[in-house]
Amino acid sequence: CNMELEALQETAADIKAQGASLVVISPQLEKYSKLMVESHKLTFPLLRDEDNRLAAQFGLTFTLPDNLAALYSQFGIDLVRFNGNDSWSLPMPARFVLDQQGKVVSAEANPDYTHRPEPSEIVEILKKMG
C-alpha cells in the first residue's frame, strides 16, 4: 500500500491537470490515514471506509483465514488496531474512474494485491475522456 500511495502521489498532478480529482479509500482508522498522508506528503484525500462497508457493496472484501491473520500478526500488521474492528477483512485493490455525472467509465480490481494497474493508466483514461 505504501508504494501504491507513493506512485499515486507521483501521478496526482497529472490527474489534476486533466481536471480530475484523486481520492483513495481505506478501511483503516482516520488517525492512521492521517499519518500516511503526512509521512508520504499526499496531496489527495485518504478517506475511511468504516468496516469495509463500501468495499463490501462492490464485492471487494475478503476475510483473512486464521493462519494468514496469525502470519500478519507475526509481522506486526495488526488489522484489529489499524481498522478498528476484529473482522480481519480487507478490500481488494481496486480503481474506479468516474465521469462528471458519476458514471463509472473504468473499473479494475484484482484479488491478487500484487497486480495493480499503473497510475499512469488513469491519466490515459482521463485523456481519452477529455
# chains A, B, ... in the order shown; residues from 1 in each chain; ligands from 1
call {"tool": "residues_around", "arguments": {"residues": "region 107-119 of chain A", "least_positions_apart": "6", "cutoff": "12 Å", "atoms": "only C-alpha atoms", "output": "count of residues only"}}
result
34
call {"tool": "select_by_dssp", "arguments": {"residues": "region 35-121 of chain A", "states": "helix (DSSP H, G or I)", "output": "count of residues only"}}
result
30
call {"tool": "residues_around", "arguments": {"residues": "region 23-28 of chain A", "least_positions_apart": "5", "cutoff": "7 Å", "atoms": "only C-alpha atoms", "output": "number ranges by chain"}}
result
A: 33, 44-52, 82-83
call {"tool": "closest_residue", "arguments": {"among": "A:Asp86, A:Arg53, A:Met129, A:Ala20", "to": "Ser106 (chain A)", "atoms": "only C-alpha atoms"}}
result
A:Met129
call {"tool": "closest_residue", "arguments": {"among": "A:Gln100, A:Ser73, A:Trp88, A:Asn2", "to": "Lys41 (chain A)", "atoms": "only C-alpha atoms"}}
result
A:Asn2
call {"tool": "closest_residue", "arguments": {"among": "A:Val80, A:Leu35, A:Val104, A:Val123", "to": "Ser21 (chain A)", "atoms": "only C-alpha atoms"}}
result
A:Val123
call {"tool": "atom_distance", "arguments": {"atom1": "CA of Phe75 (chain A)", "atom2": "CA of Lys34 (chain A)"}}
result
22.1 Å
call {"tool": "select_by_dssp", "arguments": {"residues": "region 9-125 of chain A", "states": "strand (DSSP E)", "output": "list in words"}}
result
Val24, Ile25, Ser26, Leu46, Leu47, Arg48, Thr61, Phe62, Thr63, Ser89, Leu90, Pro91, Ala94, Arg95, Phe96, Val97, Leu98, Val104, Val105, Ser106, Ala107, Glu108 and Ala109 of chain A
call {"tool": "write_last_selection", "arguments": {"atoms": "C-alpha atoms", "output": "PDB file, in the first residue's frame"}}
result
ATOM      1  CA  VAL A  24      -8.133   6.989  -2.013  1.00  0.00           C
ATOM      2  CA  ILE A  25     -10.412   4.978   0.271  1.00  0.00           C
ATOM      3  CA  SER A  26      -9.101   2.717   3.036  1.00  0.00           C
ATOM      4  CA  LEU A  46      -7.384   9.434   2.030  1.00  0.00           C
ATOM      5  CA  LEU A  47     -10.928   8.648   3.160  1.00  0.00           C
ATOM      6  CA  ARG A  48     -12.151   5.956   5.534  1.00  0.00           C
ATOM      7  CA  THR A  61     -13.820  -7.629   0.558  1.00  0.00           C
ATOM      8  CA  PHE A  62     -12.288 -10.851   1.757  1.00  0.00           C
ATOM      9  CA  THR A  63     -11.594 -12.188   5.226  1.00  0.00           C
ATOM     10  CA  SER A  89     -11.200  -8.352   6.415  1.00  0.00           C
ATOM     11  CA  LEU A  90      -9.511  -6.366   3.694  1.00  0.00           C
ATOM     12  CA  PRO A  91     -10.622  -4.847   0.426  1.00  0.00           C
ATOM     13  CA  ALA A  94      -9.485  -1.524  -6.997  1.00  0.00           C
ATOM     14  CA  ARG A  95      -9.592   1.591  -9.143  1.00  0.00           C
ATOM     15  CA  PHE A  96     -12.647   3.356 -10.460  1.00  0.00           C
ATOM     16  CA  VAL A  97     -12.713   6.291 -12.858  1.00  0.00           C
ATOM     17  CA  LEU A  98     -15.976   8.198 -12.915  1.00  0.00           C
ATOM     18  CA  VAL A 104     -18.150   4.511 -13.942  1.00  0.00           C
ATOM     19  CA  VAL A 105     -16.111   4.645 -17.151  1.00  0.00           C
ATOM     20  CA  SER A 106     -13.315   2.344 -15.960  1.00  0.00           C
ATOM     21  CA  ALA A 107     -13.150  -0.223 -13.174  1.00  0.00           C
ATOM     22  CA  GLU A 108     -10.309  -2.548 -12.245  1.00  0.00           C
ATOM     23  CA  ALA A 109      -9.990  -4.960  -9.344  1.00  0.00           C
TER      24      ALA A 109
END
call {"tool": "atom_distance", "arguments": {"atom1": "CA of Lys103 (chain A)", "atom2": "CA of Ala17 (chain A)"}}
result
20.4 Å
call {"tool": "atom_distance", "arguments": {"atom1": "CA of Leu64 (chain A)", "atom2": "CA of Leu29 (chain A)"}}
result
18.6 Å
